[in-house]
Amino acid sequence: MRIGVLTAGGDCPGLNAVIRAVVRRAAADDVDVVGIKNGWRGLVENDHVELTRASVVGILPRGGTILGTSRLNPVEDEQLGRLQENLRILRLDGLIVVGGEGSLSVARDLWSDHQVQLVGIPKTIDNDIRGTDFTFGFDTAVSIVTDAIDRLHSTAESHHRVMVVEVMGRHTRWIAAYGGIAGGADIVLVPEHPFRITKVCELLSSRKKDGRPFSIIVVAEDAHPHPAEDFLTKEQNSSIYRHDRLGGIGEVLADEIERCTDIQTRVTKLGYVQRGGSPTAFDRILATRFGIKAYELVRQGNWGQMVAICGNRIVSVPLAEAVGEVKRLDDEIYRVAEVFFG
Ligand code: F6P
């Protein structure tokens, strides 16, 4: 038997742990594993590498992916013909696709419309994939945000400043809410709740009056001001909320806070730091369990499935049910964060 594995979409901590798990489990059965380079691009360009036990030595703690990745979408780019041709050339009996919402949507279509025999593994720091309680990468990202907030508290307290921390998470509030709770943020602004700038400033001013002249605000990259109090210019709007790249709300928010409250305000955009470096123990274990389960599904010929974690059980769900719509944060979690606002 010969199986392929590819990592597509944004990198995240734990991808190497998945690759290692698949290769090690397959080696025990004498099954060959082909690593497809750079996500779907490797199938379009027939760029691959044989993966053996030796190829995965020492990669468990490493961030990124030894296979490389890309955001190429072969369906949108009309590369399906070349992709299918290369799949035939490679003589793969099955394919494991490690990806986020976009890459797993491609996987769903390849299975349902073209009968490409594949299994999906969900990864993303955003934790926004339906059908699984967690994706790997998320726990590491939250740990990085937490550590950053802990460190920012020093300058906030010493200089009596407001520190705005802009975090990733695409259109959902998972990273902001979890990071904000773990780091003890005083305000968390998320896409699902457009914020009123007057309320934010009132909170900050009343903290100052109460003898707490420093504050930490976590703002998600897709958080929007409430339409009734929109202070962004048209240009700012289009540069912050771009379809393919979000970012910049922190800077504009900090300026507005400083203008309204007269409290010195600084901004830290954590950006790609949240996706880098060594995975936490939780992410290593989750990625490893996902890799083993995906291999088992391939051996069973259980195609069109995505591995998932439900409670603490590793299960599988049809890709068709897992993608298409993002998973929103449970409101209960946001309400916990809200208790500590102000
Ligand atoms: O999906 C992961 C993620 O890091 C998002 O949180 C962020 O909006 C996006 O990817 C950034 O994408 P890119 O790597 O293409 O800049």
# chains A, B, ... in the order shown; residues from 1 in each chain; ligands from 1
$ select_by_dssp --residues "region 33-178 of chain A" --states "alpha helix (DSSP H)" --output "PyMOL selection string"
chain A and resi 40-44+80-90+101-114+138-159+174-178
$ residues_near_ligand --ligand "ligand 1" --cutoff "9 Å" --atoms "only C-alpha atoms and all ligand atoms" --output "ChimeraX atom specification"
/A:9-12,70-71,100-101,124-128,167-172,175,221-222,244-247,271-272,274-275
$ atom_distance --atom1 "CA of Phe290 (chain A)" --atom2 "CA of Tyr178 (chain A)"
22.5 Å
$ closest_residue --among "A:Gly183, A:Pro318, A:Pro122, A:Gly342" --to "Ser215 (chain A)" --atoms "only C-alpha atoms"
A:Gly342
$ residues_around --residues "Leu286 (chain A)" --least-positions-apart "5" --cutoff "10 Å" --atoms "only C-alpha atoms" --output "JSON, numbers by chain"
{"A": [14, 17, 18, 134, 135, 136, 137, 280, 281, 291, 308, 309, 312, 314]}
$ write_last_selection --atoms "C-alpha atoms" --output "compact mmCIF listing (two decimals), in the first residue's frame"
# COMPACT_ATOMS: atom_id res chain seq x y z
CA GLY A 14 1.78 20.36 15.35
CA ALA A 17 3.85 15.81 14.81
CA VAL A 18 1.06 14.64 12.47
CA PHE A 134 -10.33 21.38 19.02
CA THR A 135 -7.86 21.68 16.20
CA PHE A 136 -4.17 21.37 16.96
CA GLY A 137 -2.25 24.65 16.82
CA THR A 280 2.57 22.61 23.38
CA ALA A 281 2.29 19.11 24.84
CA GLY A 291 -2.35 11.16 12.63
CA ALA A 308 -11.93 14.92 15.21
CA ILE A 309 -11.83 15.15 18.99
CA ASN A 312 -11.46 13.29 24.92
CA ILE A 314 -10.84 10.67 18.84
$ closest_residue --among "A:Leu15, A:Ala27, A:Val336, A:Val165" --to "Asp150 (chain A)" --atoms "only C-alpha atoms"
A:Val165
$ select_by_dssp --residues "region 151-229 of chain A" --states "strand (DSSP E)" --output "MDAnalysis selection string"
chainID A and resid 162:167 187:189 215:220
$ atom_distance --atom1 "CA of Leu232 (chain A)" --atom2 "CA of Lys199 (chain A)"
16.4 Å
$ residues_around --residues "Gly120 (chain A)" --least-positions-apart "3" --cutoff "8 Å" --atoms "only C-alpha atoms" --output "list in words"
Ile96, Val97, Val98, Gly99, Leu104, Ala107, Ala294, Gly304, Gln305, Met306, Val307 and Leu319 of chain A
$ atom_distance --atom1 "CA of Arg313 (chain A)" --atom2 "CA of Asp32 (chain A)"
27.7 Å
